[in-house]
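One structure is given here, and the rest of the page talks about it.
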Amino acid sequence: MSPSFPSTRLRRTRTHGWSRRLHRENVLTPADLIWPLFVIDGDAAQQPVASLPGVSRWSVDLLLDRVGEAIELGIPCVTLFPNTPDDRRSDSAQEAWNPDNLTCRAVRAIRERYGDAIGIMCDVALDPYTSHGHDGLLDDSGYVANDTTLDALVRQAINQAEAGADIIAPSDMMDGRVGAIRQGLEQGGHANVQIMSYAAKYASAFYGPFRDAVGSGDRLKGDKRTYQLDPANSDEALREIALDITEGADSVMVKPGLAYLDIIRAARDRFDVPVFAYQVSGEYALIEAGVAAGIGDREALVMEKLIAFKRAGCAGILTYYAPFAARILAG
Ligand code: PBG
């Protein structure tokens, strides 16, 4: 029987700050964050990315300072994206398996300086290395060819593992790449290297600033809808995730983040692997534009969005706000 007295039963626990804290269901900590960093050639070079206010590309020496900052803030992992010099981009993307490419040099430098104090994740996809900005190799008709691309991705992954990457993150969306990379890593003596698959990666309008940052945007012909997911689909995303897990992914990612919280929740409910979200460049840039336009306070906007990922079921979040949020969480 329900009590007859009028009730503020839902609100009662919200009256005081201590009580709100006591009843809080989800928490965000610096250990939930992965910081994406852009790398350029040269020394003592910092290049701000115009479409990502507050984000820069760093030469390897300065990148080390950023990584030191991450360690100090308790951020457990960084992920690296190279802006490859123009003369090293090609139709075959061969720079992707050059042991001295920018990514590998950055990985070795971080490892040398900081040992195992922080995890190093590397993206696997050919877009920073192709002359046309696609994630895969093109056939004669200009179509992104799945199977020839797989060989290139395996070479890229092994190259990064050899340099010392801890997590390989295939973001290319070719079919079969997780299995092929897993097999390549095992055969290459890298059984302990993890795979975090960009399993549900959508053909999104929110990647624009990232493509500026890695220098693939201007050269990209067409779009990526022949290999990335249709934003209208959710069952298909779950099929992608299931396949990647079967093929050997240790964890999976949903990307972009905020518009796809339903996919994160569904993946979390259905599968028994950690689910991550990527709060992508366009999401970051829109918050920054909103803050600049006086729409809200940066801290409040960012923290609300980040806790939404935890509420949806994420084990962690890739975000350009990682150091900003970690500083706030440190109090
Ligand atoms: C490319 C890649 C992209 C991002 C991460 N890896 C862009 C794309 O698919 O074109 C996007 C990240 C972001 O927007 O912050 N393989």
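Identifiers in this document derive from the order of the structure tokens: chains are assigned A, B, ..., residues are numbered from 1 separately in each chain, and ligands are numbered from 1 in order of occurrence.
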Counting only C-alpha atoms and all ligand atoms, what are the residues, protein, DNA or RNA alike, that approach ligand 1 to within 7 Å? I want them as a list in words.
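Result of the 7 Å neighbour search around ligand 1: Asp123, Ala125, Leu126, Asp127, Asp135, Ser171, Asp172, Phe206, Tyr207, Gly208, Pro209, Phe210, Arg211, Gln279, Val280, Ser281 and Gly282 of chain A.
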Could you write those residues out with C-alpha atoms, as a PDB file, in the first residue's frame?
```pdb
ATOM      1  CA  ASP A 123      45.663   4.218 -34.626  1.00  0.00           C
ATOM      2  CA  ALA A 125      44.293   3.211 -40.677  1.00  0.00           C
ATOM      3  CA  LEU A 126      46.070   4.523 -43.736  1.00  0.00           C
ATOM      4  CA  ASP A 127      44.578   8.038 -43.893  1.00  0.00           C
ATOM      5  CA  ASP A 135      41.749   4.860 -44.676  1.00  0.00           C
ATOM      6  CA  SER A 171      39.993   2.790 -37.052  1.00  0.00           C
ATOM      7  CA  ASP A 172      39.806   1.877 -40.738  1.00  0.00           C
ATOM      8  CA  PHE A 206      31.933  15.405 -36.765  1.00  0.00           C
ATOM      9  CA  TYR A 207      35.431  14.404 -37.946  1.00  0.00           C
ATOM     10  CA  GLY A 208      36.247  17.589 -39.902  1.00  0.00           C
ATOM     11  CA  PRO A 209      38.699  19.230 -37.474  1.00  0.00           C
ATOM     12  CA  PHE A 210      40.572  15.943 -37.004  1.00  0.00           C
ATOM     13  CA  ARG A 211      41.124  15.694 -40.756  1.00  0.00           C
ATOM     14  CA  GLN A 279      34.371  12.248 -28.092  1.00  0.00           C
ATOM     15  CA  VAL A 280      35.565  13.354 -31.505  1.00  0.00           C
ATOM     16  CA  SER A 281      37.036  16.559 -32.849  1.00  0.00           C
ATOM     17  CA  GLY A 282      33.730  18.040 -34.029  1.00  0.00           C
TER      18      GLY A 282
END
```
Please return, as a PyMOL selection string, all residues of segment 23-121 of chain A that DSSP assigns to helix (DSSP H, G or I) on the basis of the backbone.
chain A and resi 30-32+60-73+86-88+94-97+102-114
A:Thr13, A:Asn146, A:Gln156, A:Thr319 ranked by distance to Leu33 of chain A, top pick (using only C-alpha atoms):
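Comparing A:Thr13, A:Asn146, A:Gln156, A:Thr319 against Leu33 of chain A, the winner is A:Thr319.
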Which residues of segment 243-281 of chain A sit at most 8 Å from segment 292-311 of chain A, using only C-alpha atoms? Give each one's shortest atom pair and distance in Å (one decimal place), in chain and ascending residue order, as CSV.
```
residue,atom,partner,partner_atom,distance
A:Gly257,CA,A:Phe309,CA,7.6
A:Leu258,CA,A:Lys305,CA,7.5
A:Leu261,CA,A:Phe309,CA,7.1
A:Ala277,CA,A:Phe309,CA,7.1
```
Calculated over only C-alpha atoms, which of the candidates A:Leu52, A:Ala180, A:Ala237, A:Leu153 has the smallest distance to Leu286 of chain A?
A:Leu52
Please run DSSP on the backbone and report, as a compact mmCIF listing (two decimals) with all heavy atoms, in the first residue's frame, all residues within segment 124-238 of chain A that come out as strand (DSSP E).
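Okay, this is what ended up in out-v4.txt:
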```txt
# COMPACT_ATOMS: atom_id res chain seq x y z
N VAL A 124 45.38 2.44 -36.22
CA VAL A 124 45.70 1.73 -37.46
C VAL A 124 44.66 2.09 -38.51
O VAL A 124 43.47 1.80 -38.35
CB VAL A 124 45.75 0.21 -37.25
CG1 VAL A 124 45.75 -0.53 -38.59
CG2 VAL A 124 46.99 -0.17 -36.46
N ILE A 167 48.70 -0.58 -27.26
CA ILE A 167 47.35 -0.84 -27.78
C ILE A 167 47.32 -0.46 -29.26
O ILE A 167 47.72 0.65 -29.63
CB ILE A 167 46.26 -0.02 -27.06
CG1 ILE A 167 46.34 -0.19 -25.54
CG2 ILE A 167 44.88 -0.40 -27.57
CD1 ILE A 167 45.27 0.59 -24.77
N ILE A 168 46.85 -1.37 -30.07
CA ILE A 168 46.65 -1.11 -31.49
C ILE A 168 45.16 -0.84 -31.68
O ILE A 168 44.32 -1.64 -31.23
CB ILE A 168 47.08 -2.35 -32.32
CG1 ILE A 168 48.58 -2.61 -32.17
CG2 ILE A 168 46.66 -2.22 -33.76
CD1 ILE A 168 49.47 -1.52 -32.72
N ALA A 169 44.84 0.27 -32.30
CA ALA A 169 43.44 0.67 -32.43
C ALA A 169 43.06 0.83 -33.90
O ALA A 169 43.24 1.90 -34.47
CB ALA A 169 43.20 1.97 -31.66
N PRO A 170 42.54 -0.23 -34.51
CA PRO A 170 42.17 -0.13 -35.93
C PRO A 170 40.93 0.75 -36.10
O PRO A 170 39.88 0.46 -35.54
CB PRO A 170 41.86 -1.58 -36.33
CG PRO A 170 42.28 -2.43 -35.18
CD PRO A 170 42.29 -1.56 -33.96
N GLN A 194 47.54 -5.22 -27.00
CA GLN A 194 46.07 -5.23 -27.02
C GLN A 194 45.53 -4.68 -28.34
O GLN A 194 46.19 -3.89 -29.00
CB GLN A 194 45.51 -4.31 -25.92
CG GLN A 194 45.94 -4.61 -24.52
CD GLN A 194 45.39 -3.55 -23.55
OE1 GLN A 194 44.30 -3.01 -23.74
NE2 GLN A 194 46.15 -3.25 -22.51
N ILE A 195 44.30 -5.06 -28.61
CA ILE A 195 43.57 -4.42 -29.73
C ILE A 195 42.32 -3.75 -29.17
O ILE A 195 41.47 -4.40 -28.57
CB ILE A 195 43.18 -5.43 -30.82
CG1 ILE A 195 44.44 -6.04 -31.46
CG2 ILE A 195 42.32 -4.75 -31.88
CD1 ILE A 195 44.15 -7.08 -32.54
N MET A 196 42.24 -2.44 -29.35
CA MET A 196 41.00 -1.72 -29.07
C MET A 196 40.43 -1.33 -30.42
O MET A 196 40.96 -0.47 -31.11
CB MET A 196 41.24 -0.45 -28.23
CG MET A 196 39.93 0.28 -27.91
SD MET A 196 40.13 1.90 -27.11
CE MET A 196 40.79 1.45 -25.53
N SER A 197 39.37 -2.02 -30.78
CA SER A 197 38.86 -1.83 -32.13
C SER A 197 37.85 -0.67 -32.19
O SER A 197 36.97 -0.57 -31.34
CB SER A 197 38.20 -3.13 -32.57
OG SER A 197 37.17 -2.86 -33.46
N TYR A 198 38.02 0.19 -33.18
CA TYR A 198 36.96 1.15 -33.48
C TYR A 198 35.89 0.33 -34.19
O TYR A 198 35.79 0.31 -35.40
CB TYR A 198 37.45 2.21 -34.46
CG TYR A 198 38.41 3.28 -33.98
CD1 TYR A 198 39.73 2.98 -33.68
CD2 TYR A 198 38.00 4.61 -33.90
CE1 TYR A 198 40.61 3.99 -33.30
CE2 TYR A 198 38.88 5.62 -33.52
CZ TYR A 198 40.18 5.30 -33.23
OH TYR A 198 41.05 6.30 -32.87
N ALA A 199 35.09 -0.38 -33.38
CA ALA A 199 34.18 -1.36 -33.95
C ALA A 199 32.96 -0.71 -34.59
O ALA A 199 32.52 -1.08 -35.67
CB ALA A 199 33.75 -2.34 -32.86
N ALA A 200 32.39 0.26 -33.87
CA ALA A 200 31.21 0.95 -34.39
C ALA A 200 31.61 2.38 -34.69
O ALA A 200 31.44 3.30 -33.90
CB ALA A 200 30.08 0.91 -33.38
N LYS A 201 32.18 2.54 -35.88
CA LYS A 201 32.63 3.87 -36.29
C LYS A 201 31.74 4.36 -37.42
O LYS A 201 31.65 3.74 -38.48
CB LYS A 201 34.08 3.81 -36.75
CG LYS A 201 34.58 5.16 -37.26
CD LYS A 201 36.05 5.13 -37.53
CE LYS A 201 36.51 6.45 -38.11
NZ LYS A 201 37.94 6.45 -38.37
```
Top pick for closest residue to Asp212 of chain A, considering A:Thr29, A:Ser141, A:Gln47, A:Thr15 and counting only C-alpha atoms
A:Gln47
Within 12 Å of segment 218-235 of chain A: each segment 14-92 of chain A residue with its shortest pair, only C-alpha atoms, as CSV:
```
residue,atom,partner,partner_atom,distance
A:Asp86,CA,A:Arg219,CA,10.7
A:Arg89,CA,A:Arg219,CA,10.7
A:Ser90,CA,A:Arg219,CA,11.5
A:Asp91,CA,A:Arg219,CA,11.9
```
Rounded to one decimal in Å, what is the spacing between atom CA of Glu288 of chain A and atom CA of Val49 of chain A?
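The value is 13.0 Å.
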